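A.B. asks: So here's start01.txt, just compact mmCIF, C-alpha atoms:
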# COMPACT_ATOMS: atom_id res chain seq x y z
CA MET A 17 0.00 0.00 0.00
CA ASN A 18 1.49 3.34 -1.09
CA ILE A 19 -0.04 6.36 0.62
CA PRO A 20 0.74 9.85 -0.71
CA TYR A 21 2.43 11.80 2.07
CA TYR A 22 2.63 15.53 2.73
CA PRO A 23 5.64 16.46 4.90
CA GLY A 24 4.93 20.19 5.28
CA CYS A 25 7.58 22.77 6.07
CA THR A 26 9.12 21.17 9.13
CA LEU A 27 9.30 17.39 8.65
CA ASN A 28 12.24 17.31 6.24
CA THR A 29 14.25 19.67 8.43
CA ASN A 30 13.67 20.32 12.15
CA ALA A 31 11.45 17.30 12.68
CA LYS A 32 13.39 14.66 10.75
CA ASP A 33 13.28 12.49 13.87
CA LEU A 34 9.49 12.30 13.61
CA GLN A 35 9.55 11.54 9.89
CA GLN A 36 12.36 8.97 9.82
CA CYS A 37 10.70 6.84 12.48
CA ALA A 38 7.36 7.12 10.64
CA GLU A 39 8.99 5.86 7.45
CA TYR A 40 10.64 2.96 9.27
CA SER A 41 7.40 2.02 11.00
CA ALA A 42 5.42 2.21 7.76
CA GLN A 43 7.81 -0.27 6.16
CA ALA A 44 7.64 -2.57 9.17
CA LEU A 45 3.85 -2.49 8.93
CA GLY A 46 3.76 -3.09 5.18
CA PHE A 47 3.01 0.29 3.66
CA SER A 48 4.97 3.15 2.12
CA MET A 49 4.66 6.89 2.45
CA VAL A 50 5.12 8.45 -0.97
CA GLU A 51 6.12 12.09 -0.65
CA LEU A 52 4.13 14.33 -2.99
CA THR A 53 6.25 15.28 -5.98
CA ASP A 54 4.89 18.82 -5.86
CA TRP A 55 3.97 20.48 -2.60
CA ASN A 56 4.06 23.84 -0.85
CA CYS A 57 3.64 25.11 2.71
CA CYS A 58 0.10 24.77 4.09
CA GLY A 59 0.44 28.14 5.86
CA ALA A 60 0.85 26.47 9.26
CA SER A 61 -2.40 28.01 10.52
CA LEU A 62 -5.66 29.00 8.94
CA PRO A 63 -6.94 32.56 9.30
CA LEU A 64 -9.16 32.83 12.35
CA THR A 65 -11.23 35.55 10.74
CA ASP A 66 -14.00 34.76 8.34
CA ASN A 67 -13.31 37.24 5.59
CA SER A 68 -9.95 35.89 4.45
CA SER A 69 -9.79 33.35 1.64
CA MET A 70 -6.10 33.70 0.82
CA GLY A 71 -5.05 31.40 3.65
CA TYR A 72 -6.93 28.55 1.97
CA ALA A 73 -5.08 28.76 -1.35
CA GLY A 74 -1.84 27.14 -0.10
CA PRO A 75 -3.46 24.11 1.53
CA ALA A 76 -5.94 23.76 -1.36
CA ASN A 77 -2.99 23.53 -3.74
CA VAL A 78 -1.50 20.73 -1.61
CA LEU A 79 -4.83 18.87 -1.64
CA ILE A 80 -5.09 19.24 -5.42
CA ASN A 81 -1.57 17.86 -5.90
CA ALA A 82 -2.40 14.98 -3.58
CA LYS A 83 -5.52 14.21 -5.58
CA GLU A 84 -3.37 13.92 -8.69
CA GLU A 85 -0.80 11.77 -6.89
CA GLY A 86 -3.62 9.48 -5.76
CA THR A 87 -4.54 8.71 -9.36
CA LYS A 88 -1.08 7.33 -10.14
CA GLU A 89 -0.85 3.58 -10.47
CA GLY A 90 -0.20 1.80 -7.20
CA ASN A 91 -1.02 4.81 -5.04
CA GLU A 92 -3.92 5.05 -2.61
CA ASP A 93 -6.45 7.81 -3.22
CA LYS A 94 -5.59 9.34 0.17
CA LEU A 95 -3.18 11.76 1.76
CA THR A 96 -1.40 11.29 5.06
CA THR A 97 0.41 13.80 7.27
CA LEU A 98 2.44 13.56 10.47
CA CYS A 99 2.34 17.15 11.67
CA ALA A 100 -0.75 18.00 13.73
CA VAL A 101 -0.88 21.51 12.28
CA CYS A 102 -0.70 20.39 8.63
CA TYR A 103 -3.42 17.88 9.38
CA ASN A 104 -5.60 20.56 10.95
CA VAL A 105 -5.12 23.03 8.10
CA LEU A 106 -5.77 20.47 5.34
CA LYS A 107 -8.86 19.03 7.03
CA ARG A 108 -10.31 22.47 7.66
CA THR A 109 -9.64 23.55 4.10
CA ASN A 110 -11.67 20.57 2.90
CA TYR A 111 -14.39 21.51 5.39
CA ALA A 112 -14.48 25.08 4.05
CA PHE A 113 -14.72 23.83 0.46
CA ASN A 114 -17.64 21.60 1.43
CA ASN A 115 -19.50 24.15 3.54
CA ASP A 116 -18.72 27.61 2.21
CA ASN A 117 -19.52 28.18 -1.46
CA ASN A 118 -17.97 31.62 -1.36
CA LYS A 119 -14.58 30.24 -0.29
CA LEU A 120 -14.88 27.38 -2.76
CA ASP A 121 -15.47 29.78 -5.66
CA THR A 122 -12.91 32.37 -4.56
CA VAL A 123 -10.06 29.92 -3.99
CA ASN A 124 -10.83 27.90 -7.10
CA SER A 125 -10.85 31.02 -9.24
CA LEU A 126 -7.59 32.15 -7.64
CA LEU A 127 -5.90 28.82 -8.39
CA GLU A 128 -7.73 28.35 -11.70
CA THR A 129 -8.90 24.93 -10.53
CA ASP A 130 -12.10 23.08 -9.85
CA TYR A 131 -11.27 21.40 -6.55
CA LYS A 132 -14.25 19.96 -4.67
CA GLY A 133 -12.73 19.48 -1.22
CA ASP A 134 -12.67 15.71 -1.60
CA THR A 135 -9.08 14.60 -0.96
CA ASN A 136 -9.23 12.06 1.86
CA VAL A 137 -6.82 13.41 4.50
CA LEU A 138 -5.65 11.00 7.18
CA HIS A 139 -3.35 11.65 10.07
CA TYR A 140 -0.70 8.92 10.42
CA LEU A 141 -2.51 7.86 13.61
CA GLU A 142 -5.65 7.30 11.53
CA VAL A 143 -3.69 5.24 9.02
CA LEU A 144 -2.53 3.03 11.88
CA ARG A 145 -5.97 2.75 13.47
CA ASP A 146 -8.25 2.61 10.44
CA GLU A 147 -6.18 1.40 7.47
CA ILE A 148 -3.76 -1.01 9.18
CA GLY A 149 -5.67 -1.65 12.42
CA TYR A 150 -4.24 -1.59 15.92
CA ASP A 151 -4.66 -5.38 16.16
CA LYS A 152 -2.34 -5.81 13.15
CA VAL A 153 0.12 -3.29 14.61
CA LYS A 154 0.12 -5.34 17.81
CA GLU A 155 1.06 -8.48 15.89
CA LYS A 156 4.17 -6.71 14.57
CA VAL A 157 5.33 -5.40 17.95
CA THR A 158 8.61 -7.09 18.88
CA THR A 159 9.52 -4.95 21.90
CA GLN A 160 6.62 -4.44 24.29
CA LEU A 161 7.13 -1.05 25.95
CA LYS A 162 6.12 -2.55 29.30
CA GLY A 163 6.41 -0.33 32.33
CA LEU A 164 6.82 2.89 30.36
CA LYS A 165 4.32 5.44 31.64
CA VAL A 166 3.43 7.63 28.68
CA ALA A 167 1.28 10.76 28.69
CA PRO A 168 -0.33 11.20 25.23
CA TYR A 169 -0.31 14.92 24.43
CA TYR A 170 -2.83 15.94 21.77
CA GLY A 171 -2.40 19.71 22.06
CA CYS A 172 -4.73 21.95 20.09
CA PHE A 173 -4.72 21.03 16.47
CA LEU A 174 -5.54 17.34 16.39
CA LEU A 175 -8.84 17.97 18.15
CA ARG A 176 -10.09 21.52 17.48
CA PRO A 177 -12.40 22.66 16.03
CA HIS A 178 -14.06 19.29 16.40
CA ASN A 179 -16.73 19.76 13.71
CA GLU A 180 -14.08 20.66 11.12
CA VAL A 181 -11.30 18.24 12.10
CA GLY A 182 -13.30 15.28 13.40
CA LEU A 183 -10.34 13.09 14.38
CA ASP A 184 -11.77 12.06 17.73
CA ASP A 185 -13.95 13.11 20.64
CA PRO A 186 -12.53 16.52 21.62
CA TYR A 187 -12.98 15.94 25.34
CA SER A 188 -12.29 12.20 25.65
CA PRO A 189 -10.12 11.20 22.69
CA THR A 190 -8.83 7.62 22.47
CA ILE A 191 -6.85 7.34 19.23
CA PHE A 192 -3.48 8.17 20.80
CA GLU A 193 -4.16 6.12 23.92
CA GLY A 194 -5.17 3.17 21.73
CA LEU A 195 -1.84 3.20 19.90
CA LEU A 196 0.19 3.47 23.10
CA GLU A 197 -1.70 0.55 24.64
CA THR A 198 -1.05 -1.43 21.46
CA LEU A 199 2.68 -0.87 22.00
CA GLY A 200 2.46 -2.12 25.58
CA CYS A 201 2.86 1.28 27.24
CA GLU A 202 1.10 2.22 30.42
CA VAL A 203 -1.08 5.15 29.32
CA VAL A 204 -1.23 8.04 31.77
CA ASP A 205 -4.32 10.24 31.64
CA PHE A 206 -3.50 13.85 32.50
CA SER A 207 -5.51 17.04 32.75
CA HIS A 208 -3.58 19.04 30.16
CA LYS A 209 -3.55 16.59 27.25
CA GLY A 210 -5.61 18.99 25.11
CA GLU A 211 -4.23 22.26 26.49
CA CYS A 212 -2.05 24.58 24.45
CA CYS A 213 1.77 24.45 24.69
CA GLY A 214 1.95 28.16 23.76
CA SER A 215 2.22 27.42 20.05
CA TYR A 216 3.61 30.04 17.66
CA SER A 217 3.70 32.69 20.37
CA ALA A 218 7.19 31.23 20.89
CA MET A 219 8.29 33.85 18.36
CA THR A 220 6.67 36.91 19.91
CA ASN A 221 6.03 36.06 23.53
CA PRO A 222 8.34 33.35 24.93
CA GLU A 223 7.34 34.09 28.53
CA ASN A 224 3.72 33.20 27.84
CA VAL A 225 4.79 30.04 26.06
CA ALA A 226 6.96 29.00 28.99
CA ASN A 227 3.93 29.32 31.29
CA CYS A 228 1.75 27.23 28.98
CA SER A 229 4.44 24.56 28.56
CA PHE A 230 4.98 24.44 32.30
CA GLY A 231 1.28 23.73 32.84
CA VAL A 232 1.38 20.78 30.46
CA VAL A 233 4.58 19.24 31.87
CA GLU A 234 3.51 19.81 35.49
CA SER A 235 0.21 18.07 34.80
CA ALA A 236 1.98 15.05 33.29
CA VAL A 237 4.44 14.88 36.21
CA ALA A 238 1.55 15.08 38.69
CA ALA A 239 -0.21 12.22 36.90
CA GLY A 240 2.88 10.04 37.28
CA ALA A 241 4.11 9.97 33.67
CA ASP A 242 7.70 9.10 32.74
CA ILE A 243 7.51 10.76 29.36
CA ILE A 244 5.18 12.82 27.14
CA ALA A 245 4.46 11.67 23.58
CA THR A 246 3.48 14.18 20.89
CA THR A 247 2.63 14.33 17.19
CA CYS A 248 3.58 17.97 16.61
CA PRO A 249 7.06 19.44 15.99
CA LEU A 250 6.11 22.78 17.57
CA CYS A 251 4.67 21.14 20.70
CA GLN A 252 7.89 19.10 20.96
CA PHE A 253 9.99 22.24 20.55
CA ASN A 254 8.05 24.22 23.17
CA LEU A 255 7.56 21.51 25.79
CA ASP A 256 11.09 20.17 25.54
CA GLY A 257 13.05 23.36 24.88
CA ASN A 258 11.40 25.50 27.51
CA GLN A 259 12.30 23.08 30.29
CA VAL A 260 15.92 24.01 29.56
CA LYS A 261 15.74 27.56 28.12
CA GLN A 262 13.17 28.85 30.61
CA LYS A 263 14.23 26.70 33.54
CA SER A 264 13.18 29.30 36.12
CA HIS A 265 9.52 28.85 35.07
CA PHE A 266 9.74 25.15 35.89
CA GLY A 267 11.20 25.55 39.40
CA ASP A 268 12.25 22.21 40.84
CA LEU A 269 9.90 20.20 38.65
CA ASP A 270 11.51 16.96 37.43
CA GLU A 271 12.68 17.15 33.83
CA MET A 272 10.44 15.22 31.49
CA PRO A 273 11.55 14.05 28.03
CA ILE A 274 9.19 14.78 25.14
CA ILE A 275 9.21 12.04 22.49
CA TYR A 276 7.53 11.76 19.09
CA PHE A 277 4.92 9.02 18.90
CA THR A 278 6.68 7.53 15.88
CA GLN A 279 9.87 7.12 17.91
CA LEU A 280 8.01 4.97 20.45
CA LEU A 281 6.31 3.10 17.60
CA SER A 282 9.56 2.29 15.83
CA ILE A 283 11.24 1.12 19.06
CA ALA A 284 8.28 -1.23 19.61
CA LEU A 285 8.54 -2.42 16.00
CA GLY A 286 12.15 -3.45 16.52
CA LYS A 287 14.21 -0.50 15.28
CA ASP A 288 17.65 -0.44 16.89
CA ILE A 289 17.48 2.41 19.34
CA ASN A 290 21.04 3.45 18.48
CA SER A 291 19.85 4.17 14.93
CA ILE A 292 17.12 6.51 16.14
CA SER A 293 17.95 10.20 16.06
CA PHE A 294 16.98 12.30 19.05
CA ASP A 295 18.30 15.55 17.60
CA SER A 296 15.09 17.40 18.53
CA ASN A 297 15.53 16.62 22.22
CA SER A 298 17.14 18.99 24.70
CA ILE A 299 16.20 16.44 27.35
CA SER A 300 17.25 13.04 26.05
CA PRO A 301 14.81 10.20 26.53
CA LEU A 302 17.69 7.69 26.35
CA PRO A 303 18.47 7.46 30.10
CA LEU A 304 14.80 6.65 30.75
CA LEU A 305 14.62 4.15 27.90
CA LYS A 306 17.82 2.51 29.21
CA GLU A 307 16.43 2.36 32.73
CA LYS A 308 13.31 0.61 31.40
CA GLY A 309 15.47 -1.88 29.52
CA PHE A 310 14.67 -0.91 25.90
CA VAL A 311 18.28 -0.06 25.00
CA MET B 16 -36.88 55.49 13.02
CA SER B 17 -37.29 51.81 12.22
CA ALA B 18 -40.54 50.09 11.32
CA ASP B 19 -41.11 48.92 14.91
CA GLY B 20 -40.82 52.47 16.22
CA HIS B 21 -37.32 52.24 17.71
CA HIS B 22 -34.66 54.83 17.03
CA GLU B 23 -31.76 53.33 15.12
CA VAL B 24 -28.35 54.33 16.39
CA ALA B 25 -25.47 53.97 13.98
CA LYS B 26 -23.01 51.35 15.16
CA ASP B 27 -19.58 52.53 16.22
CA GLU B 28 -17.35 52.41 13.14
CA TYR B 29 -14.52 50.51 14.85
CA ILE B 30 -16.90 47.88 16.27
CA ALA B 31 -18.59 47.47 12.88
CA GLN B 32 -15.19 46.99 11.25
CA ILE B 33 -14.16 44.31 13.78
CA GLU B 34 -17.47 42.50 13.29
CA GLU B 35 -17.04 42.55 9.56
CA LEU B 36 -13.44 41.37 9.62
CA SER B 37 -14.11 38.60 12.12
CA GLY B 38 -17.44 37.51 10.66
CA GLU B 39 -18.74 37.32 14.24
CA ASP B 40 -22.15 38.41 15.48
CA VAL B 41 -21.13 39.40 19.01
CA SER B 42 -24.75 39.91 20.09
CA LYS B 43 -25.09 36.10 20.29
CA CYS B 44 -22.76 35.97 23.32
CA TYR B 45 -24.65 35.57 26.63
CA GLN B 46 -21.59 35.91 28.85
CA CYS B 47 -21.39 32.40 30.30
CA GLY B 48 -17.61 32.79 30.57
CA LYS B 49 -16.68 29.33 29.29
CA CYS B 50 -14.22 30.86 26.83
CA THR B 51 -12.34 32.72 29.53
CA ALA B 52 -12.44 29.69 31.82
CA GLY B 53 -10.66 27.65 29.17
CA CYS B 54 -8.30 30.30 27.82
CA PRO B 55 -4.67 29.42 28.64
CA MET B 56 -3.76 33.11 28.59
CA ALA B 57 -6.74 34.55 30.51
CA GLU B 58 -4.79 35.12 33.71
CA LYS B 59 -2.34 37.36 31.90
CA MET B 60 -4.91 39.27 29.89
CA ASP B 61 -6.27 42.73 30.62
CA LEU B 62 -9.46 41.80 28.76
CA PRO B 63 -10.02 38.03 28.56
CA PRO B 64 -12.16 36.63 25.70
CA SER B 65 -15.58 36.93 27.38
CA MET B 66 -14.88 40.55 28.35
CA VAL B 67 -13.75 41.37 24.82
CA MET B 68 -17.12 40.04 23.65
CA ARG B 69 -18.96 42.15 26.25
CA TYR B 70 -17.01 45.31 25.38
CA MET B 71 -17.83 44.66 21.73
CA GLN B 72 -21.53 44.40 22.60
CA LEU B 73 -21.38 47.64 24.57
CA GLU B 74 -19.35 49.27 21.77
CA LEU B 75 -16.62 50.39 24.18
CA SER B 76 -14.24 50.99 21.31
CA ASP B 77 -11.81 53.28 23.17
CA ASP B 78 -11.29 50.68 25.91
CA LEU B 79 -10.94 47.93 23.33
CA LYS B 80 -8.32 49.90 21.45
CA LYS B 81 -6.29 50.36 24.65
CA ALA B 82 -6.46 46.68 25.64
CA THR B 83 -3.59 44.36 24.72
CA SER B 84 -5.02 40.90 25.38
CA ARG B 85 -5.33 40.14 21.66
CA TRP B 86 -1.52 40.05 21.53
CA ASP B 87 -1.44 37.41 24.27
CA CYS B 88 -3.92 35.20 22.38
CA VAL B 89 -2.18 32.00 21.22
CA GLY B 90 -4.84 30.95 18.69
CA CYS B 91 -5.42 27.60 20.43
CA LEU B 92 -9.12 27.49 19.39
CA VAL B 93 -10.32 26.59 22.89
CA CYS B 94 -12.66 29.59 23.25
CA GLY B 95 -14.58 28.89 20.05
CA SER B 96 -14.70 25.15 20.75
CA ARG B 97 -16.27 25.65 24.16
CA CYS B 98 -18.83 28.30 23.20
CA PRO B 99 -22.44 27.10 23.64
CA LYS B 100 -23.59 29.88 21.27
CA PHE B 101 -21.11 29.00 18.52
CA CYS B 102 -19.27 32.32 18.80
CA ASN B 103 -15.58 32.48 18.10
CA PRO B 104 -13.86 35.02 20.37
CA GLY B 105 -10.54 33.99 18.77
CA ALA B 106 -11.76 35.44 15.47
CA VAL B 107 -12.59 38.72 17.23
CA MET B 108 -9.10 38.71 18.78
CA GLU B 109 -7.55 38.25 15.34
CA ALA B 110 -9.70 40.99 13.80
CA LEU B 111 -8.60 43.34 16.62
CA ARG B 112 -4.95 42.49 15.86
CA MET B 113 -5.47 43.05 12.15
CA GLU B 114 -7.05 46.42 12.83
CA ASP B 115 -4.14 47.35 15.13
CA MET B 116 -1.65 46.58 12.39
CA ARG B 117 -3.65 48.25 9.64
CA SER B 118 -4.10 51.44 11.63
CA GLY B 119 -0.48 51.62 12.78
CA ASN B 120 -1.46 50.97 16.41
CA ARG B 121 1.19 48.26 16.64
CA ASP B 122 4.83 48.38 15.75
CA GLU B 123 5.62 44.71 15.08
CA VAL B 124 8.03 45.01 12.18
CA ILE B 125 10.13 42.47 10.37
CA GLU B 126 13.33 44.18 11.54
CA LYS B 127 12.40 43.27 15.12
CA LEU B 128 12.09 39.54 14.44
CA PRO B 129 14.06 37.58 17.04
CA VAL B 130 16.94 36.38 14.85
CA ASN B 131 18.19 33.62 17.16
CA PHE B 132 14.71 32.20 17.44
CA VAL B 133 14.23 32.23 13.70
CA LYS B 134 17.52 30.37 13.20
CA ASN B 135 16.66 27.53 15.57
CA ALA B 136 12.89 27.18 15.66
CA PRO B 137 10.83 24.73 13.62
CA GLN B 138 9.67 26.37 10.40
CA GLN B 139 6.04 25.98 11.37
CA ALA B 140 6.59 28.29 14.38
CA ILE B 141 7.95 31.00 12.10
CA VAL B 142 5.31 30.60 9.40
CA SER B 143 2.42 30.68 11.85
CA GLY B 144 4.14 33.32 13.99
CA PHE B 145 3.82 35.68 11.05
CA ARG B 146 0.11 35.80 11.91
CA LYS B 147 1.14 38.50 14.37
CA TYR B 148 3.14 40.47 11.81
CA VAL B 149 0.97 40.46 8.73
CA PRO B 150 -2.28 42.42 8.69
Using structure tokens, write down the structure that the file contains.
C.D. replies:
Amino acid sequence: MNIPYYPGCTLNTNAKDLQQCAEYSAQALGFSMVELTDWNCCGASLPLTDNSSMGYAGPANVLINAKEEGTKEGNEDKLTTLCAVCYNVLKRTNYAFNNDNNKLDTVNSLLETDYKGDTNVLHYLEVLRDEIGYDKVKEKVTTQLKGLKVAPYYGCFLLRPHNEVGLDDPYSPTIFEGLLETLGCEVVDFSHKGECCGSYSAMTNPENVANCSFGVVESAVAAGADIIATTCPLCQFNLDGNQVKQKSHFGDLDEMPIIYFTQLLSIALGKDINSISFDSNSISPLPLLKEKGFV
Amino acid sequence: MSADGHHEVAKDEYIAQIEELSGEDVSKCYQCGKCTAGCPMAEKMDLPPSMVMRYMQLELSDDLKKATSRWDCVGCLVCGSRCPKFCNPGAVMEALRMEDMRSGNRDEVIEKLPVNFVKNAPQQAIVSGFRKYVP
């Protein structure tokens, strides 16, 4: 199974760790991610205001390219993403095309296209749950991550706005927990799993972001987690980096490593841990993974 | 005078502009406060989301112009997700920011971009961070 894949602006650069482990895991599970031959940035956030259509042109162009890729022989008529923000922007663009004729007409006339908002966008988690199946993933697990207490951090963009994204129940999601259980982890429920890490305010207001990130990490520590798993490069950057860069905000709170979900997945699927890059991590998860016996 | 006998008062120009930009009908808000209760930045804000909505309803445009909470907003979409009246205070916040930038009431300029941050941050932080630089 070849699934067209949209990396977005960050996956080939700052978040290679997330992507490489996703590619390894895909192979181990019997599918391939085929990077779109032609893609552009999705804009990394949709306009919040209603009167802007320009923000939809970039992601619409990605969806149109994916549609074309899906018609090539051997490829699935689907598009997968790893980044929570790309996923959010692409899903919401489709929603706008299906529910707002004005945006549909404006963006189509801008791009000189006739896109209908019908590219089937799946987050990698959805590919695992719905296309492969967690039961099949479980069969391929060679290293049960027993005893590892993992807090699944959804953040903002996988879940909101629920009517436009529709990945899971916005208040009691299970897709992330389901994968972690499949890998043998002990899933830790924590109050801040859907709270904001501070997001792109990292550029303009790092103090605010440090406060948000502290809230998330503190909540996971209080719930007894060893580690936080995330799907988003910016969440990883904020939650991990601020524990070091803005140490004073975190007081004497224990340091908590922030790992990409695909890194846990690939360890469980037998990837040699020494071949996994943890370049994104200021706080290395390796001491913890050694202590738990996975290295 | 309108057909039902009430005097029509022209809406404050600034408020009308924010409503148009945001696409929000602020009169729907009934001040339950769920948006502010969920806002990760509310504690730091001079006017949290529910108060911005109330000030919009009361057309307190001078007070709104002076407030800075829209620059603390992180765009996390919690306020709009929690609203029982399907309002989106986040859209109002963004419209207020846009109006600040368009009217020169904000001096975020490209020259002041934090260079070290831009060198090291994930691209998505920079691309979406431009939301606060581009009107």
A.B. asks: What residues in chain B lie within 9 Å of chain A, counting only C-alpha atoms, written as number ranges by chain?
C.D. replies: B: 35-39, 53, 55-56, 59, 86-93, 95-96, 103, 105-110, 128-129, 132-133, 135-147
A.B. asks: One number please: CA of Asn56 in chain A to CA of Gly86 in chain A, in Å, one decimal.
C.D. replies: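 Taking CA of Asn56 in chain A as the start and CA of Gly86 in chain A as the end point, the length is 17.0 Å.
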A.B. asks: Calculate how many Å separate CA of Asp184 in chain A from CA of Val203 in chain A, rounding to one decimal.
C.D. replies: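 Between CA of Asp184 in chain A and CA of Val203 in chain A the gap is 17.2 Å.
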A.B. asks: Near Ser65 in chain B, within 10 Å and counting only C-alpha atoms, which residues show up once chain neighbours fewer than 3 positions away are dropped, as a PDB file with C-alpha atoms, in the coordinates of the input?
C.D. replies:
ATOM      1  CA  CYS B  44     -22.760  35.970  23.320  1.00  0.00           C
ATOM      2  CA  TYR B  45     -24.650  35.570  26.630  1.00  0.00           C
ATOM      3  CA  GLN B  46     -21.590  35.910  28.850  1.00  0.00           C
ATOM      4  CA  CYS B  47     -21.390  32.400  30.300  1.00  0.00           C
ATOM      5  CA  GLY B  48     -17.610  32.790  30.570  1.00  0.00           C
ATOM      6  CA  LYS B  49     -16.680  29.330  29.290  1.00  0.00           C
ATOM      7  CA  CYS B  50     -14.220  30.860  26.830  1.00  0.00           C
ATOM      8  CA  THR B  51     -12.340  32.720  29.530  1.00  0.00           C
ATOM      9  CA  ALA B  52     -12.440  29.690  31.820  1.00  0.00           C
ATOM     10  CA  CYS B  54      -8.300  30.300  27.820  1.00  0.00           C
ATOM     11  CA  ALA B  57      -6.740  34.550  30.510  1.00  0.00           C
ATOM     12  CA  LEU B  62      -9.460  41.800  28.760  1.00  0.00           C
ATOM     13  CA  MET B  68     -17.120  40.040  23.650  1.00  0.00           C
ATOM     14  CA  ARG B  69     -18.960  42.150  26.250  1.00  0.00           C
ATOM     15  CA  TYR B  70     -17.010  45.310  25.380  1.00  0.00           C
ATOM     16  CA  MET B  71     -17.830  44.660  21.730  1.00  0.00           C
ATOM     17  CA  CYS B  94     -12.660  29.590  23.250  1.00  0.00           C
ATOM     18  CA  PRO B 104     -13.860  35.020  20.370  1.00  0.00           C
TER      19      PRO B 104
END
A.B. asks: Write out as number ranges by chain which residues come within 6 Å of Lys162 in chain A when counting all atoms listed in the file, dropping same-chain ones fewer than 2 positions away.
C.D. replies: A: 160, 164, 200-201
A.B. asks: What does the file look like for those residues with C-alpha atoms, as a CSV table (one decimal), keeping the file's coordinate frame?
C.D. replies:
chain,number,residue,atom,x,y,z
A,160,GLN,CA,6.6,-4.4,24.3
A,164,LEU,CA,6.8,2.9,30.4
A,200,GLY,CA,2.5,-2.1,25.6
A,201,CYS,CA,2.9,1.3,27.2
A.B. asks: Pick out the residues sitting within 8 Å of Tyr103 in chain A, and hand them over as number ranges by chain; count all atoms listed in the file, and ignore anything fewer than 5 positions along from it in its own chain.
C.D. replies: A: 97-98, 137-139, 173-174
A.B. asks: Would you mind exporting the chosen residues as an mmCIF file, keeping the file's coordinate frame, restricted to C-alpha atoms?
C.D. replies:
data_model
loop_
_atom_site.group_PDB
_atom_site.id
_atom_site.type_symbol
_atom_site.label_atom_id
_atom_site.label_comp_id
_atom_site.auth_asym_id
_atom_site.auth_seq_id
_atom_site.Cartn_x
_atom_site.Cartn_y
_atom_site.Cartn_z
ATOM 1 C CA THR A 97 0.410 13.800 7.270
ATOM 2 C CA LEU A 98 2.440 13.560 10.470
ATOM 3 C CA VAL A 137 -6.820 13.410 4.500
ATOM 4 C CA LEU A 138 -5.650 11.000 7.180
ATOM 5 C CA HIS A 139 -3.350 11.650 10.070
ATOM 6 C CA PHE A 173 -4.720 21.030 16.470
ATOM 7 C CA LEU A 174 -5.540 17.340 16.390
#
A.B. asks: CA of Asn136 in chain A and CA of Asn110 in chain A are how many Å apart?
C.D. replies: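 Computed distance, CA of Asn136 in chain A to CA of Asn110 in chain A, equals 8.9 Å.
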A.B. asks: If you take all atoms listed in the file and a cut-off of 9 Å, which residues of range 158-225 of chain A touch range 265-282 of chain A, and what are their nearest atom pairs and distances in Å to one decimal, in chain and number order, as CSV?
C.D. replies:
residue,atom,partner,partner_atom,distance
A:Leu161,CA,A:Leu280,CA,8.2
A:Pro168,CA,A:Phe277,CA,8.5
A:Phe192,CA,A:Phe277,CA,8.7
A:Leu195,CA,A:Leu281,CA,8.5
A:Leu196,CA,A:Leu281,CA,8.2
A:Leu199,CA,A:Leu281,CA,6.9
A:Glu223,CA,A:His265,CA,8.7
A.B. asks: Name the closest residue to Pro64 in chain B among the candidates B:His22, B:Asp27, B:Lys43, B:Ser84; distances are taken between atoms, counting all atoms listed in the file.
C.D. replies: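 Once distances to Pro64 in chain B are computed over all atoms listed in the file, the minimum belongs to B:Ser84.
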A.B. asks: Regenerate range 270-276 of chain A at the level of N, CA, C and O atoms and dump it as a PDB file, in the coordinates of the input.
C.D. replies:
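Saved file rebuild_29.pdb follows:
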ATOM      1  N   ASP A 270      10.643  17.938  38.100  1.00  0.00           N
ATOM      2  CA  ASP A 270      11.510  16.960  37.430  1.00  0.00           C
ATOM      3  C   ASP A 270      11.476  17.163  35.925  1.00  0.00           C
ATOM      4  O   ASP A 270      10.416  17.407  35.360  1.00  0.00           O
ATOM      5  N   GLU A 271      12.634  17.040  35.300  1.00  0.00           N
ATOM      6  CA  GLU A 271      12.680  17.150  33.830  1.00  0.00           C
ATOM      7  C   GLU A 271      11.938  15.979  33.199  1.00  0.00           C
ATOM      8  O   GLU A 271      12.036  14.850  33.674  1.00  0.00           O
ATOM      9  N   MET A 272      11.208  16.270  32.162  1.00  0.00           N
ATOM     10  CA  MET A 272      10.440  15.220  31.490  1.00  0.00           C
ATOM     11  C   MET A 272      10.779  15.212  30.003  1.00  0.00           C
ATOM     12  O   MET A 272      10.578  16.225  29.322  1.00  0.00           O
ATOM     13  N   PRO A 273      11.297  14.084  29.477  1.00  0.00           N
ATOM     14  CA  PRO A 273      11.550  14.050  28.030  1.00  0.00           C
ATOM     15  C   PRO A 273      10.266  14.074  27.211  1.00  0.00           C
ATOM     16  O   PRO A 273       9.228  13.569  27.663  1.00  0.00           O
ATOM     17  N   ILE A 274      10.349  14.684  26.038  1.00  0.00           N
ATOM     18  CA  ILE A 274       9.190  14.780  25.140  1.00  0.00           C
ATOM     19  C   ILE A 274       9.569  14.004  23.870  1.00  0.00           C
ATOM     20  O   ILE A 274      10.501  14.375  23.154  1.00  0.00           O
ATOM     21  N   ILE A 275       8.844  12.941  23.595  1.00  0.00           N
ATOM     22  CA  ILE A 275       9.210  12.040  22.490  1.00  0.00           C
ATOM     23  C   ILE A 275       8.118  12.067  21.419  1.00  0.00           C
ATOM     24  O   ILE A 275       6.939  12.268  21.726  1.00  0.00           O
ATOM     25  N   TYR A 276       8.529  11.896  20.159  1.00  0.00           N
ATOM     26  CA  TYR A 276       7.530  11.760  19.090  1.00  0.00           C
ATOM     27  C   TYR A 276       6.899  10.375  19.151  1.00  0.00           C
ATOM     28  O   TYR A 276       7.581   9.387  19.425  1.00  0.00           O
TER      29      TYR A 276
END
